[in-house]
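S.K.: Below you'll find the structure I mean.
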Amino acid sequence: MQEKYSIGEVAKMLDISTRTLRFYDEKGLVKPAYTEENGYRFYEKEQIRQIELILFLKELGFSLKQIKMLIQDERGGQSLDLLLEQQYRENKQKINELNKRQKQIENLQKINFLPATLTNISDITNIMRKEKNLTALRSRLLVWGGLLTLFEIAGIGTAFYLYQMKMTTILVIEVVALIAIVFATAWRLSRYYYEQVEYVCPNCGDVFIPSFLTFNLSPHTPKFRKLTCPKCGKKSYCLEICRD
């Protein structure tokens with residue numbers, strides 16, 4: 001004689017509620033092995049295995065409607081393959097959406113919002129958009145900076161060759177030209193960057209643009225520059241954002 005288990009025992013065994021088991025019964029997913037006249041439900045090993053399968057498929061993301069179809073389908077194996085493929089695609093899409101949200105959260109953490117800037121949701125959206133533009137701007141400057149470095153290395157190599165060949169006059173001209181070009185390019189890149197950014201005061205939330213000289217002489221981090229706010233007059237590290 002097979003072992004029988006009351007609805008309470010099965011619920012405890014599978015760590016679910018008796019209400020869930022009754023719901024499965026009502027929906028025709030898993031019915032008890034038999035029900036006594038007093039209404040008590042009893043399950044056997046076969047029903048318990050079916051319930052375990054239902055719980056497993058639910059964890060994979062299947063709906064009860066899909067699970068019922070699988071259980072009742074004579075070609076359940078083929079249907080399961082199709083549903084697994086469909087569920088895999090849906091889960092993949094959800095993962096991509098979650099990764100996108102995670103990226104947005106990471107960007108928010110990197111921005112390190114200042115209390116004075118959080119006046120409304122439009123401020124957050126605006127700063128996030130500007131942060132994205134600023135990242136693209138910095139990437140372009142890194143490319144130009146890399147090219148400038150390569151130019152300097154080539155110039156130093158040429159100067160060393162001219163020195164070895166004792167071509168003093170050409171060497172002096174080459175060094176002067178190299179220094180002039182490097183400084184001019186560096187100044188232009190600095191000016192270009194300056195013309196693309198502005199700053200948010202952490203105290204009053206005012207957005208302002210410092211002078212070019214102040215911009216270059218002020219201590220800074222990758223995201224902040226120590227400036228004096230023209231509105232509140234306080235000197236502090238202000239958030240750097242892209243201009244519109």
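Every chain in the structure tokens has a letter given in the order shown (A, B, ...), and although residue numbers restart at 1 in each chain, ligands are simply numbered from 1 in the order shown.
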Any idea what's packed within 9 Å of A:Ala33, counting only C-alpha atoms, ignoring anything in its chain fewer than 2 positions away? Could you give it as a list in words?
M.R.: Lys4, Lys31, Thr35, Arg41, Phe42, Tyr43, Glu44, Glu46 and Gln47 of chain A
S.K.: For A:Leu148, which residue among A:Ile51, A:Ala186, A:Leu217, A:Cys201 is the nearest when counting only C-alpha atoms?
M.R.: A:Ala186
S.K.: Provide the atom CA of A:Thr20 to atom CA of A:Ile48 distance in Å, to one decimal place.
M.R.: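 Result for atom CA of A:Thr20 versus atom CA of A:Ile48: 13.2 Å, one decimal.
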S.K.: Per DSSP on the backbone, filter stretch 14-87 of chain A down to the residues in alpha helix (DSSP H) and report them as number ranges by chain.
M.R.: A: 14, 18-26, 45-59, 64-72, 76-87
S.K.: What is the distance, in Å and to one decimal place, between atom CA of A:Val197 and atom CA of A:Asp244?
M.R.: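 Taking atom CA of A:Val197 and atom CA of A:Asp244, their separation equals 8.8 Å.
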S.K.: Between atom CA of A:Thr221 and atom CA of A:Lys103, what is the distance, to one decimal in Å?
M.R.: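 Separation between atom CA of A:Thr221 and atom CA of A:Lys103: 22.1 Å.
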S.K.: Output as a ChimeraX atom specification all residues of stretch 5-204 of chain A that backbone DSSP marks as strand (DSSP E or B).
M.R.: /A:5-6,34-35,41-43,197-200
S.K.: Write out as JSON, numbers by chain each polymer residue whose atoms come within 12 Å of A:Trp187, counting only C-alpha atoms; drop sequence neighbours fewer than 6 positions from it.
M.R.: {"A": [145, 148, 179, 180, 181, 193, 194, 212, 213, 216]}
